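Below: the structure, in structure tokens.
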Amino acid sequence: MKQNSRYLLFLAVFAAGFSFLVYEVVWNRLLSLYLGITVHASTVVISAYMAGLSAGAFFFGKKAQEAVDVQKFISRLLITVAAVNLIVYRLILFLPAIYRANAWGINIGFTAYSYSLVLVFMSAFFIGGFMPAVSRIFVMSGDNTGQAAANTFGFETLGSATGGLLAGFLLLGSLGASGSVFFAAGINILLAVFAVKGLKVQRGLQPEQKAEKKSEKIKKILQEKPRTAMAAVFVSGLCGFIFQITAMRIFRIYLTNTSYTFSLIISVTISGYFAGSMIYRKLSARDYNTEKILITSMFLMAAAVGAGIVVFVNAPEWIILPLHKTLSASWARILIPPAALSMLTVLPQSVLSGIIFTSAVKLYRNRSEKISSGFGRIYFVNTAGAFLGPFTAAFVLIPRAGAVRTLLAVSLILSLFSMTLYFRKKQKSIIFMLTGVSFIIVIFAGLIRERIMILPPSFSLFDREILFYRETVEATLVVGHEKVSGVNHTFFNNNSVIGSSYDAIKAVKLLGHLPFLTGKVPENVLVVGFGIGVTASTILQHEDVKSLECVELAEDLTEAAEFYTNFNNNVTGDPRFVIIGDDGRNYLQRSGKKYDLISSDPTHPVLGSGALYSREYFQLCYDHLTDNGIVTQYLPLHKLMKDDFAGIIATFRSVFENTTVWMGHTHAILYGSKKPLRIDFADFKAAAAKISDPYFYSDPYALASYLILADVSSIAEGKRICTDNRSYLDFFKFRSFDPENWIINAENIRNHYNTEGVFYNIEDTEKFERYKKSGLMLHEALIESIKGDRESYVRLLRKSYAVNPDNQETVFLLRLEAMSQ
């Protein structure tokens, strides 16, 4: 093959790998919407994909070896990949219809999972046949077995790394899920044409007729050893995926939880496979002992995992906090820490995995005429190990042993396996044996010591006593008591669930009390997100409530809530309270129940909860409301650009025509109902008088002043609707993290301030207007406070007090400011 044609072949393999990972990223995105963002769902999807790759590699490896014209075979395979994945995309969109079958008494959960598994398997099955087939092209172009395996695996994984990066950073945000799938399918069709029209392969000799140009000594060394090769790739696939799943759990504790963060980490991981295969290509060209390379790489992989543990445990002090101190740009704070941490921990392990895989192909099938079938079988066994890895990590090791012990177990398995292979060799090195045995002893000692806790980085900055620590299937939960301030902090991975500051408590209390103040009498309530139980307990203070279902991804948070009984009134002991361990959106999709109130208090939309701020989610809420039902939803002002903040309001209004916005100090609340909101102030006042809550200021005039947008049409006009297909919240601009965004959004609300047409039958209109005026001044004061202008903040607070001395909230804030001086 000419050099130019060879470069085109590399590019074609790269482009194919690019398109394949675009499919996988899109399926993961869509199925997280339809099956939930639970570890159960993602693990099942990953495992189904690996099973499809495994079966496809085995099946098509044989077919490619037998093909008379391998180029036409690859062309037909790529066309099939495009067609099948376009069909899979359309079929995935039918999942909501399966959920609607609840009325027919079908087991929806099992049916939806089974349906999804079949679709993901179908997608991966045909993709799995590509690499075994292409490896034969490389052999036909003059590569030996090792070089062919390295080139195939290397350039395909390099394309996959790039595809994962661009899918997460660009394609899904700009083209959406549908556009990304069509883009990938278009690449497949172009490559299919190139395979038969543009790829020039020397056909003078068929592979089986080519002589292997190796000395007798090398041939003797490189004998076929299928059992060793098979065992090695299975163990490396199993341990590699256990390591990756566990590392991803640790990353979620340490890093900002965004779609970009984890796209970057996955791409760094896959890039390691490329680097490993290129390293082995160099070694293969020099006829190094393949068995020795494989055994050494297995042991080095064990050492890399062990070194990764040391880095993980010390990452906050060594990497994360120092970088945050030196980095100022939002994009740098989001991307550089995960890139640095993954390069130090995940990259070495994945590089060695790449070496192990390609050397195993060589060891298994030394003679090049059987390259496709040999590659297919090795890939089959490797992905079979990868298939078991996620299940083992997520459901067995992490919940029972913790993340650190899981990694120690991986290192021990790799060490024992590599030493077992080594002791089978005739020639042995005393130094290697002593090193291996010593390493195993150290790893075993680490396993029997007390559990090492992986804590959010902020725990390294403050003197906090650990009150509660739990590594569950879904997340790591931590409650820390700050000794200086006396405040407790709860974390779901790296997300602060709730603080006990004034503004945090006020917002969630308002979220709970507001529906009852507006004249509604919700009896059956659904709360999405438990936190520490403040919203649920606030709602249950109202005696009209007969039942409250709370959907929480990590239901173990109910145990952490025991440290906040002064705020949540020991809500878990209320007989009306039921906790449901599930993804909130997925629960609504499966449930046929109707509610009088659905209250959502998720984490910030750009930190993993974007699916709870899309039009499709709001429509789900609407469809599950009774005729007089209402929805309340937490609306942050920070970490959202101006158009994105207004876009959420526009998205909510696209479903709930009757939308109002209320301010809970520095946070806002969306209020939506099927019927227009009209509040009799006399009833409002009577409802406020019934509230007996020491953490809630229940002056009815002050509460009425929290209404800040009675009509949202002006602020929402022309703003982009957030949809599942194209979510600007999951795929946000890095400027969203600029600190001035809260100020910009607060000023935007002030500029559109309107409260007319909601309240009527007001007994003291002059007092009502005075509270409204002082409330707007309080809003202005908070803007100055966030700007850092304490002098203007105090001045506006005093001005608010002068306008309305009766507002005790202003008095409280003035006292709080005086105490802080």
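FYI, nothing fancy with the structure tokens labels: chains A, B, ... in order, residues from 1 per chain, ligands from 1 as they appear.
Within 9 Å of range 68-78 of chain A there are A:Ala16, A:Lys63, A:Ala64, A:Gln65, A:Glu66, A:Thr80, A:Val81, A:Ala82, A:Ala83, A:Phe126, A:Ile127, A:Gly129, A:Phe130, A:Ala133, A:Val134, A:Arg136, A:Ile137, A:Ala185, A:Asn188, A:Ile189, A:Leu191, A:Ala192, A:Val193, A:Phe194, A:Ala195, A:Val196, A:Leu199, A:Val201, counting only C-alpha atoms and ignoring same-chain residues fewer than 2 positions away.
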Selection file, N, CA and C atoms, as a PDB file, in the first residue's frame:
ATOM      1  N   ALA A  16     -14.213   6.305  11.786  1.00  0.00           N
ATOM      2  CA  ALA A  16     -15.172   5.290  12.226  1.00  0.00           C
ATOM      3  C   ALA A  16     -15.272   5.267  13.741  1.00  0.00           C
ATOM      4  N   LYS A  63     -16.555 -13.924  10.079  1.00  0.00           N
ATOM      5  CA  LYS A  63     -17.072 -13.556   8.761  1.00  0.00           C
ATOM      6  C   LYS A  63     -16.031 -12.764   7.973  1.00  0.00           C
ATOM      7  N   ALA A  64     -15.331 -11.853   8.635  1.00  0.00           N
ATOM      8  CA  ALA A  64     -14.320 -11.048   7.948  1.00  0.00           C
ATOM      9  C   ALA A  64     -13.166 -11.904   7.461  1.00  0.00           C
ATOM     10  N   GLN A  65     -12.806 -12.915   8.252  1.00  0.00           N
ATOM     11  CA  GLN A  65     -11.711 -13.803   7.853  1.00  0.00           C
ATOM     12  C   GLN A  65     -12.076 -14.615   6.615  1.00  0.00           C
ATOM     13  N   GLU A  66     -13.355 -14.941   6.490  1.00  0.00           N
ATOM     14  CA  GLU A  66     -13.800 -15.775   5.374  1.00  0.00           C
ATOM     15  C   GLU A  66     -14.173 -14.951   4.142  1.00  0.00           C
ATOM     16  N   THR A  80     -24.625  -0.944   7.252  1.00  0.00           N
ATOM     17  CA  THR A  80     -25.519  -1.569   8.243  1.00  0.00           C
ATOM     18  C   THR A  80     -25.460  -0.835   9.573  1.00  0.00           C
ATOM     19  N   VAL A  81     -24.243  -0.440   9.987  1.00  0.00           N
ATOM     20  CA  VAL A  81     -24.091   0.322  11.237  1.00  0.00           C
ATOM     21  C   VAL A  81     -24.917   1.604  11.174  1.00  0.00           C
ATOM     22  N   ALA A  82     -24.816   2.333  10.065  1.00  0.00           N
ATOM     23  CA  ALA A  82     -25.570   3.584   9.921  1.00  0.00           C
ATOM     24  C   ALA A  82     -27.073   3.327   9.984  1.00  0.00           C
ATOM     25  N   ALA A  83     -27.534   2.334   9.219  1.00  0.00           N
ATOM     26  CA  ALA A  83     -28.972   2.051   9.162  1.00  0.00           C
ATOM     27  C   ALA A  83     -29.498   1.593  10.517  1.00  0.00           C
ATOM     28  N   PHE A 126     -23.084  -4.533  15.615  1.00  0.00           N
ATOM     29  CA  PHE A 126     -22.503  -4.315  14.289  1.00  0.00           C
ATOM     30  C   PHE A 126     -21.230  -3.476  14.376  1.00  0.00           C
ATOM     31  N   ILE A 127     -21.183  -2.562  15.336  1.00  0.00           N
ATOM     32  CA  ILE A 127     -19.958  -1.785  15.553  1.00  0.00           C
ATOM     33  C   ILE A 127     -18.816  -2.713  15.956  1.00  0.00           C
ATOM     34  N   GLY A 129     -17.999  -5.504  14.933  1.00  0.00           N
ATOM     35  CA  GLY A 129     -17.372  -6.220  13.833  1.00  0.00           C
ATOM     36  C   GLY A 129     -16.352  -5.408  13.063  1.00  0.00           C
ATOM     37  N   PHE A 130     -16.280  -4.095  13.312  1.00  0.00           N
ATOM     38  CA  PHE A 130     -15.433  -3.237  12.486  1.00  0.00           C
ATOM     39  C   PHE A 130     -13.947  -3.511  12.695  1.00  0.00           C
ATOM     40  N   ALA A 133     -12.443  -6.733  11.204  1.00  0.00           N
ATOM     41  CA  ALA A 133     -12.391  -6.671   9.743  1.00  0.00           C
ATOM     42  C   ALA A 133     -11.259  -5.768   9.270  1.00  0.00           C
ATOM     43  N   VAL A 134     -11.099  -4.607   9.884  1.00  0.00           N
ATOM     44  CA  VAL A 134     -10.069  -3.659   9.462  1.00  0.00           C
ATOM     45  C   VAL A 134      -8.665  -4.201   9.720  1.00  0.00           C
ATOM     46  N   ARG A 136      -7.569  -7.001   9.134  1.00  0.00           N
ATOM     47  CA  ARG A 136      -7.149  -7.775   7.962  1.00  0.00           C
ATOM     48  C   ARG A 136      -6.628  -6.849   6.861  1.00  0.00           C
ATOM     49  N   ILE A 137      -7.227  -5.661   6.730  1.00  0.00           N
ATOM     50  CA  ILE A 137      -6.738  -4.686   5.752  1.00  0.00           C
ATOM     51  C   ILE A 137      -5.298  -4.287   6.068  1.00  0.00           C
ATOM     52  N   ALA A 185     -24.088   8.851  11.369  1.00  0.00           N
ATOM     53  CA  ALA A 185     -24.513   7.950  10.291  1.00  0.00           C
ATOM     54  C   ALA A 185     -23.971   8.422   8.947  1.00  0.00           C
ATOM     55  N   ASN A 188     -20.480   7.235   8.596  1.00  0.00           N
ATOM     56  CA  ASN A 188     -20.444   5.809   8.260  1.00  0.00           C
ATOM     57  C   ASN A 188     -20.683   5.571   6.774  1.00  0.00           C
ATOM     58  N   ILE A 189     -21.638   6.272   6.186  1.00  0.00           N
ATOM     59  CA  ILE A 189     -21.961   6.078   4.764  1.00  0.00           C
ATOM     60  C   ILE A 189     -20.803   6.551   3.881  1.00  0.00           C
ATOM     61  N   LEU A 191     -17.663   6.607   4.728  1.00  0.00           N
ATOM     62  CA  LEU A 191     -16.595   5.620   4.893  1.00  0.00           C
ATOM     63  C   LEU A 191     -16.903   4.343   4.113  1.00  0.00           C
ATOM     64  N   ALA A 192     -18.194   3.991   4.025  1.00  0.00           N
ATOM     65  CA  ALA A 192     -18.572   2.801   3.256  1.00  0.00           C
ATOM     66  C   ALA A 192     -18.222   2.983   1.784  1.00  0.00           C
ATOM     67  N   VAL A 193     -18.466   4.179   1.260  1.00  0.00           N
ATOM     68  CA  VAL A 193     -18.112   4.475  -0.128  1.00  0.00           C
ATOM     69  C   VAL A 193     -16.593   4.461  -0.297  1.00  0.00           C
ATOM     70  N   PHE A 194     -15.896   5.051   0.667  1.00  0.00           N
ATOM     71  CA  PHE A 194     -14.430   5.096   0.595  1.00  0.00           C
ATOM     72  C   PHE A 194     -13.834   3.691   0.619  1.00  0.00           C
ATOM     73  N   ALA A 195     -14.435   2.781   1.378  1.00  0.00           N
ATOM     74  CA  ALA A 195     -13.881   1.431   1.521  1.00  0.00           C
ATOM     75  C   ALA A 195     -13.798   0.706   0.188  1.00  0.00           C
ATOM     76  N   VAL A 196     -14.742   0.973  -0.717  1.00  0.00           N
ATOM     77  CA  VAL A 196     -14.730   0.259  -2.007  1.00  0.00           C
ATOM     78  C   VAL A 196     -14.221   1.120  -3.159  1.00  0.00           C
ATOM     79  N   LEU A 199     -10.135   3.310  -1.202  1.00  0.00           N
ATOM     80  CA  LEU A 199      -9.069   2.595  -0.492  1.00  0.00           C
ATOM     81  C   LEU A 199      -8.362   1.652  -1.453  1.00  0.00           C
ATOM     82  N   VAL A 201      -5.697  -1.163  -1.851  1.00  0.00           N
ATOM     83  CA  VAL A 201      -4.935  -2.177  -1.124  1.00  0.00           C
ATOM     84  C   VAL A 201      -4.265  -3.096  -2.124  1.00  0.00           C
TER      85      VAL A 201
END
Check the DSSP output for the backbone and give back, as number ranges by chain, the residues of range 82-281 of chain A in alpha helix (DSSP H).
A: 82-92, 95-100, 108-127, 130-140, 145-166, 172-174, 176-197, 216-221, 226-254, 259-281
Give me, as a PyMOL selection string, all polymer residues having an atom no more than 8 Å from Asp583 in chain A, counting only C-alpha atoms and skipping those fewer than 6 positions away in the same chain.
chain A and resi 36-38+551-553
Can you spit out the residues from that selection as an mmCIF file, in the first residue's frame, using all heavy atoms?
data_model
loop_
_atom_site.group_PDB
_atom_site.id
_atom_site.type_symbol
_atom_site.label_atom_id
_atom_site.label_comp_id
_atom_site.auth_asym_id
_atom_site.auth_seq_id
_atom_site.Cartn_x
_atom_site.Cartn_y
_atom_site.Cartn_z
ATOM 1 N N GLY A 36 -33.540 7.079 33.763
ATOM 2 C CA GLY A 36 -33.089 7.743 34.979
ATOM 3 C C GLY A 36 -31.578 7.870 35.000
ATOM 4 O O GLY A 36 -30.857 7.186 34.255
ATOM 5 N N ILE A 37 -31.076 8.735 35.856
ATOM 6 C CA ILE A 37 -29.633 8.943 35.964
ATOM 7 C C ILE A 37 -29.040 8.102 37.091
ATOM 8 O O ILE A 37 -28.005 8.414 37.649
ATOM 9 C CB ILE A 37 -29.300 10.436 36.205
ATOM 10 C CG1 ILE A 37 -29.996 10.959 37.491
ATOM 11 C CG2 ILE A 37 -29.674 11.270 35.015
ATOM 12 C CD1 ILE A 37 -29.531 12.338 37.909
ATOM 13 N N THR A 38 -29.714 7.007 37.416
ATOM 14 C CA THR A 38 -29.241 6.125 38.468
ATOM 15 C C THR A 38 -28.046 5.318 37.990
ATOM 16 O O THR A 38 -27.846 5.092 36.791
ATOM 17 C CB THR A 38 -30.343 5.154 38.918
ATOM 18 O OG1 THR A 38 -30.659 4.289 37.822
ATOM 19 C CG2 THR A 38 -31.594 5.903 39.348
ATOM 20 N N VAL A 551 -39.276 11.379 46.310
ATOM 21 C CA VAL A 551 -38.398 10.600 45.444
ATOM 22 C C VAL A 551 -36.981 11.147 45.578
ATOM 23 O O VAL A 551 -36.746 12.331 45.355
ATOM 24 C CB VAL A 551 -38.845 10.670 43.973
ATOM 25 C CG1 VAL A 551 -38.004 9.732 43.117
ATOM 26 C CG2 VAL A 551 -40.312 10.322 43.849
ATOM 27 N N GLU A 552 -36.074 10.281 45.979
ATOM 28 C CA GLU A 552 -34.685 10.689 46.204
ATOM 29 C C GLU A 552 -33.748 9.617 45.646
ATOM 30 O O GLU A 552 -33.911 8.436 45.940
ATOM 31 C CB GLU A 552 -34.425 10.906 47.696
ATOM 32 C CG GLU A 552 -32.968 11.138 48.064
ATOM 33 C CD GLU A 552 -32.340 12.302 47.330
ATOM 34 O OE1 GLU A 552 -32.882 13.421 47.404
ATOM 35 O OE2 GLU A 552 -31.317 12.080 46.659
ATOM 36 N N LEU A 553 -32.783 10.054 44.842
ATOM 37 C CA LEU A 553 -31.847 9.133 44.216
ATOM 38 C C LEU A 553 -31.072 8.345 45.269
ATOM 39 O O LEU A 553 -30.861 7.141 45.127
ATOM 40 C CB LEU A 553 -30.890 9.923 43.324
ATOM 41 C CG LEU A 553 -30.145 9.160 42.243
ATOM 42 C CD1 LEU A 553 -31.109 8.516 41.267
ATOM 43 C CD2 LEU A 553 -29.197 10.100 41.501
#
Quick one: everything within 10 Å of Ala315 in chain A, counting only C-alpha atoms, minus sequence neighbours fewer than 6 positions away in the same chain. Send it as a ChimeraX atom specification.
/A:254,308-309,321-322,337,341,454,457
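From CA of His481 in chain A back to CA of Leu813 in chain A, the distance works out to 24.6 Å.
Between Lys773 in chain A and the candidates A:Phe110, A:Tyr753, A:Phe251, A:Phe243, the tightest atom-to-atom separation, counting only C-alpha atoms, involves A:Tyr753.
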For Asn569 in chain A: contacts at 12 Å, only C-alpha atoms, fewer than 6 positions along chain excluded, given as a list in words
Ile532, Gly533, Val534, Thr535, Ala536, Ser537, Thr538, Ile539, Leu540, Gln541, Ala561, Glu562, Phe563, Asp693, Pro694 and Tyr695 of chain A
Per-residue nearest contacts of range 666-711 of chain A to range 786-806 of chain A (12 Å; only C-alpha atoms) as a Markdown table:
| residue | atom | partner | partner_atom | distance |
| --- | --- | --- | --- | --- |
| A:Thr666 | CA | A:Ile786 | CA | 9.4 |
| A:Asp699 | CA | A:Asp806 | CA | 9.7 |
| A:Pro700 | CA | A:Asp806 | CA | 11.8 |
| A:Tyr701 | CA | A:Asp806 | CA | 9.8 |
| A:Ala702 | CA | A:Asp806 | CA | 9.3 |
Those same residues, written as a tab-separated table (two decimals), in the first residue's frame with all heavy atoms?
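Saved as again16.tsv:
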chain	number	residue	atom	x	y	z
A	666	THR	N	-32.12	35.05	48.18
A	666	THR	CA	-31.22	35.03	47.02
A	666	THR	C	-31.61	33.95	46.01
A	666	THR	O	-30.93	33.77	45.00
A	666	THR	CB	-29.77	34.80	47.46
A	666	THR	OG1	-29.68	33.57	48.18
A	666	THR	CG2	-29.29	35.94	48.34
A	699	ASP	N	-45.29	36.89	58.46
A	699	ASP	CA	-46.06	38.12	58.28
A	699	ASP	C	-46.69	38.09	56.89
A	699	ASP	O	-45.98	38.04	55.88
A	699	ASP	CB	-45.13	39.32	58.41
A	699	ASP	CG	-45.85	40.66	58.28
A	699	ASP	OD1	-46.85	40.74	57.53
A	699	ASP	OD2	-45.42	41.63	58.92
A	700	PRO	N	-48.02	38.11	56.77
A	700	PRO	CA	-48.66	37.96	55.44
A	700	PRO	C	-48.28	39.06	54.46
A	700	PRO	O	-48.18	38.80	53.25
A	700	PRO	CB	-50.15	37.97	55.76
A	700	PRO	CG	-50.26	38.66	57.08
A	700	PRO	CD	-49.03	38.30	57.83
A	701	TYR	N	-48.09	40.29	54.96
A	701	TYR	CA	-47.71	41.38	54.07
A	701	TYR	C	-46.29	41.18	53.54
A	701	TYR	O	-46.01	41.44	52.36
A	701	TYR	CB	-47.84	42.72	54.79
A	701	TYR	CG	-49.28	43.14	55.02
A	701	TYR	CD1	-49.94	42.81	56.21
A	701	TYR	CD2	-49.98	43.85	54.04
A	701	TYR	CE1	-51.26	43.18	56.42
A	701	TYR	CE2	-51.31	44.22	54.24
A	701	TYR	CZ	-51.94	43.89	55.43
A	701	TYR	OH	-53.26	44.25	55.62
A	702	ALA	N	-45.40	40.70	54.40
A	702	ALA	CA	-44.04	40.41	53.95
A	702	ALA	C	-44.04	39.25	52.95
A	702	ALA	O	-43.35	39.29	51.93
A	702	ALA	CB	-43.16	40.08	55.15
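Counting only C-alpha atoms and comparing A:Val661, A:Val758, A:Asn85, A:Pro96, the residue that lies closest to Asn586 in chain A is A:Pro96.
Using only C-alpha atoms, the protein and nucleic acid residues lying no more than 8 Å from Ala710 in chain A, apart from those fewer than 4 places from it along its own chain, are Thr659, Thr660, Val661, Asn754, Thr755, Glu756, Gly757 and Val758 of chain A.
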Considering only C-alpha atoms, can you say which of A:Ala704, A:Ile749, A:Val361, A:Ile319 comes closest to Lys767 in chain A?
A:Ala704
For range 392-399 of chain A: contacts at 7 Å, only C-alpha atoms, fewer than 4 positions along chain excluded, given as a ChimeraX atom specification:
/A:242,245-246,388,403,406,471-473
Please, could you write that set of residues out with all heavy atoms as an mmCIF file, in the first residue's frame?
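Contents of the output file out36.cif:
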data_model
loop_
_atom_site.group_PDB
_atom_site.id
_atom_site.type_symbol
_atom_site.label_atom_id
_atom_site.label_comp_id
_atom_site.auth_asym_id
_atom_site.auth_seq_id
_atom_site.Cartn_x
_atom_site.Cartn_y
_atom_site.Cartn_z
ATOM 1 N N ILE A 242 -13.616 -1.981 36.374
ATOM 2 C CA ILE A 242 -13.835 -1.746 37.808
ATOM 3 C C ILE A 242 -13.100 -0.484 38.225
ATOM 4 O O ILE A 242 -13.636 0.373 38.942
ATOM 5 C CB ILE A 242 -13.365 -2.947 38.644
ATOM 6 C CG1 ILE A 242 -14.243 -4.160 38.379
ATOM 7 C CG2 ILE A 242 -13.392 -2.599 40.140
ATOM 8 C CD1 ILE A 242 -13.764 -5.423 39.072
ATOM 9 N N ILE A 245 -14.960 2.691 36.714
ATOM 10 C CA ILE A 245 -16.207 3.008 37.411
ATOM 11 C C ILE A 245 -15.910 3.589 38.788
ATOM 12 O O ILE A 245 -16.538 4.571 39.226
ATOM 13 C CB ILE A 245 -17.086 1.748 37.550
ATOM 14 C CG1 ILE A 245 -17.540 1.241 36.172
ATOM 15 C CG2 ILE A 245 -18.298 2.012 38.440
ATOM 16 C CD1 ILE A 245 -18.444 2.190 35.419
ATOM 17 N N THR A 246 -14.939 3.010 39.487
ATOM 18 C CA THR A 246 -14.574 3.496 40.827
ATOM 19 C C THR A 246 -13.935 4.876 40.735
ATOM 20 O O THR A 246 -14.223 5.763 41.551
ATOM 21 C CB THR A 246 -13.618 2.508 41.507
ATOM 22 O OG1 THR A 246 -14.170 1.200 41.459
ATOM 23 C CG2 THR A 246 -13.378 2.898 42.960
ATOM 24 N N LEU A 388 -18.599 -7.400 32.766
ATOM 25 C CA LEU A 388 -18.783 -7.728 34.183
ATOM 26 C C LEU A 388 -18.267 -6.630 35.120
ATOM 27 O O LEU A 388 -18.734 -6.511 36.247
ATOM 28 C CB LEU A 388 -18.063 -9.044 34.508
ATOM 29 C CG LEU A 388 -18.611 -10.303 33.828
ATOM 30 C CD1 LEU A 388 -17.699 -11.489 34.117
ATOM 31 C CD2 LEU A 388 -20.024 -10.585 34.291
ATOM 32 N N ALA A 403 -14.604 2.926 47.957
ATOM 33 C CA ALA A 403 -13.852 3.178 46.723
ATOM 34 C C ALA A 403 -12.390 2.789 46.850
ATOM 35 O O ALA A 403 -11.821 2.154 45.956
ATOM 36 C CB ALA A 403 -13.982 4.655 46.348
ATOM 37 N N THR A 406 -11.833 -0.931 46.995
ATOM 38 C CA THR A 406 -12.115 -1.496 45.679
ATOM 39 C C THR A 406 -10.887 -1.387 44.781
ATOM 40 O O THR A 406 -10.505 -2.343 44.095
ATOM 41 C CB THR A 406 -13.308 -0.778 45.033
ATOM 42 O OG1 THR A 406 -14.478 -1.020 45.819
ATOM 43 C CG2 THR A 406 -13.543 -1.269 43.614
ATOM 44 N N GLU A 471 -20.914 5.260 51.595
ATOM 45 C CA GLU A 471 -20.713 5.043 50.158
ATOM 46 C C GLU A 471 -21.792 4.078 49.681
ATOM 47 O O GLU A 471 -21.761 2.894 49.993
ATOM 48 C CB GLU A 471 -19.314 4.486 49.886
ATOM 49 C CG GLU A 471 -18.210 5.487 50.190
ATOM 50 C CD GLU A 471 -16.824 4.964 49.853
ATOM 51 O OE1 GLU A 471 -16.521 4.805 48.659
ATOM 52 O OE2 GLU A 471 -16.046 4.697 50.787
ATOM 53 N N THR A 472 -22.770 4.609 48.957
ATOM 54 C CA THR A 472 -23.890 3.813 48.481
ATOM 55 C C THR A 472 -23.695 3.483 47.003
ATOM 56 O O THR A 472 -22.727 3.920 46.373
ATOM 57 C CB THR A 472 -25.211 4.568 48.666
ATOM 58 O OG1 THR A 472 -25.254 5.667 47.738
ATOM 59 C CG2 THR A 472 -25.334 5.113 50.076
ATOM 60 N N VAL A 473 -24.633 2.745 46.461
ATOM 61 C CA VAL A 473 -24.585 2.448 45.025
ATOM 62 C C VAL A 473 -24.645 3.738 44.215
ATOM 63 O O VAL A 473 -23.927 3.912 43.233
ATOM 64 C CB VAL A 473 -25.748 1.514 44.629
ATOM 65 C CG1 VAL A 473 -25.839 1.380 43.115
ATOM 66 C CG2 VAL A 473 -25.573 0.140 45.269
#
List as CSV every residue of range 269-360 of chain A that is in contact with range 161-177 of chain A, defined as an atom at most 9 Å from one of its atoms (using only C-alpha atoms), together with the nearest atom pair and the distance in Å rounded to one decimal, sorted by chain and then rising number.
residue,atom,partner,partner_atom,distance
A:Thr269,CA,A:Ala161,CA,7.8
A:Ile270,CA,A:Ala161,CA,5.2
A:Ser271,CA,A:Ala161,CA,5.6
A:Phe274,CA,A:Ala161,CA,8.8
So, with only C-alpha atoms as the atoms that count, which of A:Lys325, A:Phe262, A:Thr43, A:Gly240 lies closest to Leu414 in chain A?
A:Gly240
Using only C-alpha atoms, find the one residue out of A:Thr603, A:Asn761, A:Gln633, A:Asn144 that sits nearest to Lys685 in chain A.
A:Asn761
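DSSP on the backbone gives strand (DSSP E) for these parts of range 319-543 of chain A: A:Arg464, A:Glu465, A:Ile466, A:Leu467, A:Phe468, A:Tyr469, A:Arg470, A:Glu471, A:Thr476, A:Leu477, A:Val478, A:Val479, A:Gly480, A:His481, A:Glu482, A:Asn488, A:His489, A:Thr490, A:Phe491, A:Phe492, A:Asn495, A:Ser496, A:Val497, A:Ile498, A:Asn524, A:Val525, A:Leu526, A:Val527, A:Val528.
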Between CA of Ser438 in chain A and CA of Ala409 in chain A, what is the distance, to one decimal in Å?
15.6 Å
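Residue nearest Ser54 in chain A within the list A:Val381, A:Ile295, A:Ile356, A:Val404: A:Val381 [criterion: smallest interatomic distance, only C-alpha atoms].
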